[in-house]
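Participant: Have a look at this one.
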There are 2 protein chains.
Amino acid sequence: MTLTGNLTIGANEVPAIEGTMKALNPATNQLIEPDFALGGMADVNQAAMLADEAFDHYSHTSLTRRAAFLECIADNLDAVRHELAARAALETGLPEAQLEGEAVKAATQFRQFAAVVRKGRFLQLAIDPAQPHRQPRPRMDHRLQKMAIGPVAIFGASNFPISYSVAGGDTASALAAGATVIVKAHNAHPGASEIQARAIRKAVQENGLPEGVFSMVRGIGNTIGEALVDHPLIKAVTFTGSEHGGMALYRRAQLRPDPIPVFTEMTSVNPTFILPHALAERGAQIGAGFIERMLVNVGQACLRPAILFAIKGAGFEALRAAMAKGVTEASARTMLTPGIHASYLSGLGAMESVGANRIAEGSRANADFDGQSVLHEVDGQRFLTETVLAQEVFGPSALLVNVKDEDELLVVARSLKGQLSAAMHLDERDMPLAHRMLPVLERRTGRIVVNAFAHPQEVTFATIHGGPFPATSDSRFTSVGMTSIERFLRPVSYQGFPDALLPETLREFDPLGLPRLVDGQ
Amino acid sequence: MTLTGNLTIGANEVPAIEGTMKALNPATNQLIEPDFALGGMADVNQAAMLADEAFDHYSHTSLTRRAAFLECIADNLDAVRHELAARAALETGLPEAQLEGEAVKAATQFRQFAAVVRKGRFLQLAIDPAQPHRQPRPRMDHRLQKMAIGPVAIFGASNFPISYSVAGGDTASALAAGATVIVKAHNAHPGASEIQARAIRKAVQENGLPEGVFSMVRGIGNTIGEALVDHPLIKAVTFTGSEHGGMALYRRAQLRPDPIPVFTEMTSVNPTFILPHALAERGAQIGAGFIERMLVNVGQACLRPAILFAIKGAGFEALRAAMAKGVTEASARTMLTPGIHASYLSGLGAMESVGANRIAEGSRANADFDGQSVLHEVDGQRFLTETVLAQEVFGPSALLVNVKDEDELLVVARSLKGQLSAAMHLDERDMPLAHRMLPVLERRTGRIVVNAFAHPQEVTFATIHGGPFPATSDSRFTSVGMTSIERFLRPVSYQGFPDALLPETLREFDPLGLPRLVDGQ
């Protein structure tokens, strides 16, 4: 496939109106061809108008038709898997085999959402039938279903350039909900973005859907993103990235005359707690496992376990030694972008300026943007005093916090802000302490893992990739998993409707056989 | 029951720290005994700390125990029904019989939510069992349930001083979710608020729950409300009232270091569309019905049908005449507060300043705060030009908009902002036009009613009292009905848990028999 570098505005490839940019190969620090178009307000406006025009049609597509469309996107992604992975590898420095896996995952997500659409449970159909003889007044017939909230703007992630980018989980769940979508492509992988956008646009055409169902824009700086968030026709936003970037968009959207929901997935240190008996039994094994997972994606994963808490005692030295060994043996590898690399270095400096002891480090960088792995240690009191130590340092960095006893373990757990995940490693004899820890973790995280690590992520019905602030901007939703569709749905109640005017899903003669709650049963 | 005028901070009655106030009888413009305590930051802080302390315990109560608590509140409300209605009538000018009905409705809501709690569907239990032999890597066991978001601040409504006030639907649904609650009592009915708060506090004690499950504060001006919204231990807010007040709280909460969800139910003109054949057949009947519903609660209801759109043609004169007759025959009645009365007069003035023709009015006021009923008329072009005409004038005011044809009817419908409800009156022959109208209304409203009016409200599973901005601040939720509980719930996923550490609801041996989604089935 030849990359044109154009934007995707509905059915059209649109050239630059605000100049062009090139992708950077972070492994070589060289720019890569071709030029990619930078769009402006006119592109955002055109995409938003098309998304709005397409909305009534697309949001009312039958479940069968919508599911077929999602499956067609999956097929189109499969067809370009190799060139997509190859281009993404060039643009991110991530291994091509891993990116092939991401492409498979992206296609799988579209197929999983097709199944969710077909089953129709997400519509949350409910019927409270008329009670014409009820006293003191009759009850009218009430019927409810959910529909899409409106056109959605999606800001793709930099660190998973396929499965959480243009054709990632946000796009799949929004399209499944019946929302029309405008993606703001991440500038760190413009070629991979174009390949994904074409796969979706092709599916729109092959399924005879209105062109405004999907567009993709790109721009330098914040202007195009702000224009999207400000646009009156955009009704929801999702974002994956830094707390700084996410909160800027979030707060901007809340200042609109009509605030709109913005779901941002931002930051998490995914705290890991080693309970004493587990530590005594298998401290070395847990320490090695922790560092192995910490290093995935050069530490550039939202589920990276970054901070490990353990009580000094039996097994602690083995834990520390295993962690140090894992870090020492790790090679420096290319980070995603020069900006991420610079932030990583300054994050390490901030930790050390407040007394974090560097107890191990991996091999030094060979190239400009290689991330050297580092392990720091502090004690519980310092961790509680220096709040900067609880902040995420995006990259291959781990912090070991030695605490003095169970009570201090609970105190440090209570000091944490919201997280995407937390993990406890425990043995049978640790259960009393685990029961004390559990409510503390439940209030602070969207997912709790026992005797394992949060990464990698399953995409299932019980998956939650969310959590209290600052992990996300709204703890009531998830950005990964089958329930992530709920971000884009709102209920509509139909009261006293003649059957022929009802949506097909709610008619008395029910040809679809979808699950419906009748009178609460 | 003797009113003490104290605040309810957990188990304690707390006297004033910021002075006192008296209730006003709006029918006589006289102050009523006793003095009511005004609280300050210290009260908010104490209530928030208690609510936070009580949270872990209360949010983990068994469903059986929580349901029994809600039913106890219902019983306690029943026991004080007569004195509650009598005091509320004094403080609001609303008829005592109507307020008895509100007290019954409030108790019923607690019983309905008790049933919702027992059924456990709101937990949205989901289990994705382990797949130890899956390739290329095993799947761990994942289990999900929803839990309460944290302590919730509730701002009661002025216009329904029982069923949407201290012991109203917000409190019932938040307590059902497992959230602890702090109510900011509305100063328009402090005595009715105290009676309700006591009924809830008594139930907390009778059920052996921690005192922080419920508190009620009161203050003058915005200070106490702002302190609640700003308090770091408060994790969600609900508000029912004006767009101005609601948006001030909403925007304030979004400026917190950690923004929190604020569900505000604010404003709606509940547009009513009379389709041509229905108009020709029964214009007079619809017009009379519209005015009857418009006048409920002296026009001080969020579901008041305020604007009626009809195409000039057969039946239009009969419609207009019936509306004019209904308004002319209406007596002026006491409005809730002097402030609401003043806003009503200025709203009428604003309409007339942009050319709304006063075509009928009811009897003139006998007392200071009586609201005179008024009917205005404009044509579709003026309605489209003067956007102030689409704004809610809270009180007994109706606006008839005559439009020239079907296309103009669609244009005025598209011009509307978000609404709580819309109604269409139609005959069989109007179905083609109704099908054109439907997607326009679906995008703009939470509820669509056919051949009836939105008020009164059912509280059922298919009830939606919500809608796009400015009807509410988040169209994805409702403030009335069984699904209003969702505002206060967030998911937590448990991964790889030993059975004994899981919440009882998610254990492998399932003694509760609650609905659980297993592998998406």
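Residue numbering restarts at 1 in every chain; chains get A, B, ... in the order shown in the structure tokens, and ligands count up from 1 in that same order.
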With a cut-off of 8 Å and counting only C-alpha atoms, select all residues of chain A in contact with chain B and give the selection as a ChimeraX atom specification.

Facilitator: /A:56,126-128,139,142-144,149-150,251,254-255,258-261,431,434-435,439,442-443,445-452,458,460-464,469-470,473-477,489-498,501,519-520

Participant: Can you pull out every residue within 7 Å of Ile73 of chain A, counting only C-alpha atoms, but drop anything in the same chain fewer than 4 positions away, and send it as an MDAnalysis selection string?

Facilitator: chainID A and resid 69 77 199:200 203

Participant: Pick out the closest residue to Gly347 of chain B from this set: B:Ala37, B:Leu123, B:Ala390, B:Ile220. Count only C-alpha atoms.

Facilitator: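 Among the listed residues, the smallest separation from Gly347 of chain B belongs to B:Ala390.
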
Participant: List as number ranges by chain the protein and nucleic acid residues near Arg252 of chain A, meaning an atom at most 8 Å away when only C-alpha atoms are counted, but skip any in the same chain fewer than 3 places from it.

Facilitator: A: 226, 229-230, 248-249, 255-256

Participant: Quick one: residues within 10 Å of Asn357 of chain A, only C-alpha atoms counted, chain neighbours fewer than 3 positions away excluded, as a list of chain:residue names?

Facilitator: A:Met351, A:Glu352, A:Ser353, A:Val354, A:Ala360, A:Leu375, A:His376, A:Glu377, A:Val378, A:Asp379, A:Leu399, A:Leu400

Participant: DSSP on the backbone: which residues in segment 33-239 of chain A end up as strand (DSSP E or B)? Give the answer as a ChimeraX atom specification.

Facilitator: /A:33-37,126-128,131,139,142-148,152-155,181-184,214-217,236-239

Participant: Restricting the output to C-alpha atoms, write the selected residues as a PDB file, in the first residue's frame.

Facilitator:
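After the write, part02.pdb holds the following:
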ATOM      1  CA  GLU A  33       8.849   9.344   4.031  1.00  0.00           C
ATOM      2  CA  PRO A  34       6.225  10.381   3.003  1.00  0.00           C
ATOM      3  CA  ASP A  35       4.887  13.794   4.013  1.00  0.00           C
ATOM      4  CA  PHE A  36       1.767  13.644   6.141  1.00  0.00           C
ATOM      5  CA  ALA A  37      -0.921  16.283   5.842  1.00  0.00           C
ATOM      6  CA  ALA A 126     -36.827  -2.538  29.332  1.00  0.00           C
ATOM      7  CA  ILE A 127     -40.596  -2.640  29.066  1.00  0.00           C
ATOM      8  CA  ASP A 128     -43.059  -1.600  31.746  1.00  0.00           C
ATOM      9  CA  GLN A 131     -51.698  -0.993  33.488  1.00  0.00           C
ATOM     10  CA  ARG A 139     -50.075   3.417  34.040  1.00  0.00           C
ATOM     11  CA  HIS A 142     -43.072   2.668  28.973  1.00  0.00           C
ATOM     12  CA  ARG A 143     -40.274   1.197  26.886  1.00  0.00           C
ATOM     13  CA  LEU A 144     -36.585   1.991  27.108  1.00  0.00           C
ATOM     14  CA  GLN A 145     -33.560   1.425  24.969  1.00  0.00           C
ATOM     15  CA  LYS A 146     -30.141   2.946  24.786  1.00  0.00           C
ATOM     16  CA  MET A 147     -28.887   4.776  21.734  1.00  0.00           C
ATOM     17  CA  ALA A 148     -25.605   6.402  20.786  1.00  0.00           C
ATOM     18  CA  VAL A 152     -17.521  11.016  19.183  1.00  0.00           C
ATOM     19  CA  ALA A 153     -13.949  12.358  18.995  1.00  0.00           C
ATOM     20  CA  ILE A 154     -11.239   9.800  19.784  1.00  0.00           C
ATOM     21  CA  PHE A 155      -7.652  10.639  20.666  1.00  0.00           C
ATOM     22  CA  VAL A 181     -16.362   8.688  14.947  1.00  0.00           C
ATOM     23  CA  ILE A 182     -13.644  11.236  14.262  1.00  0.00           C
ATOM     24  CA  VAL A 183     -10.179  10.073  15.248  1.00  0.00           C
ATOM     25  CA  LYS A 184      -7.424  12.544  15.989  1.00  0.00           C
ATOM     26  CA  PHE A 214     -15.645   7.754  10.144  1.00  0.00           C
ATOM     27  CA  SER A 215     -13.020  10.445   9.625  1.00  0.00           C
ATOM     28  CA  MET A 216      -9.435  10.913  10.723  1.00  0.00           C
ATOM     29  CA  VAL A 217      -7.708  14.263  11.210  1.00  0.00           C
ATOM     30  CA  ALA A 236     -18.257  12.841  23.657  1.00  0.00           C
ATOM     31  CA  VAL A 237     -14.490  12.474  23.744  1.00  0.00           C
ATOM     32  CA  THR A 238     -12.088   9.702  24.660  1.00  0.00           C
ATOM     33  CA  PHE A 239      -8.409  10.122  25.275  1.00  0.00           C
TER      34      PHE A 239
END

Participant: Please report, as a PyMOL selection string, each residue of segment 346-505 of chain A to which DSSP assigns alpha helix (DSSP H) when run on this structure's backbone.

Facilitator: chain A and resi 346-353+380-385+406-415+431-442
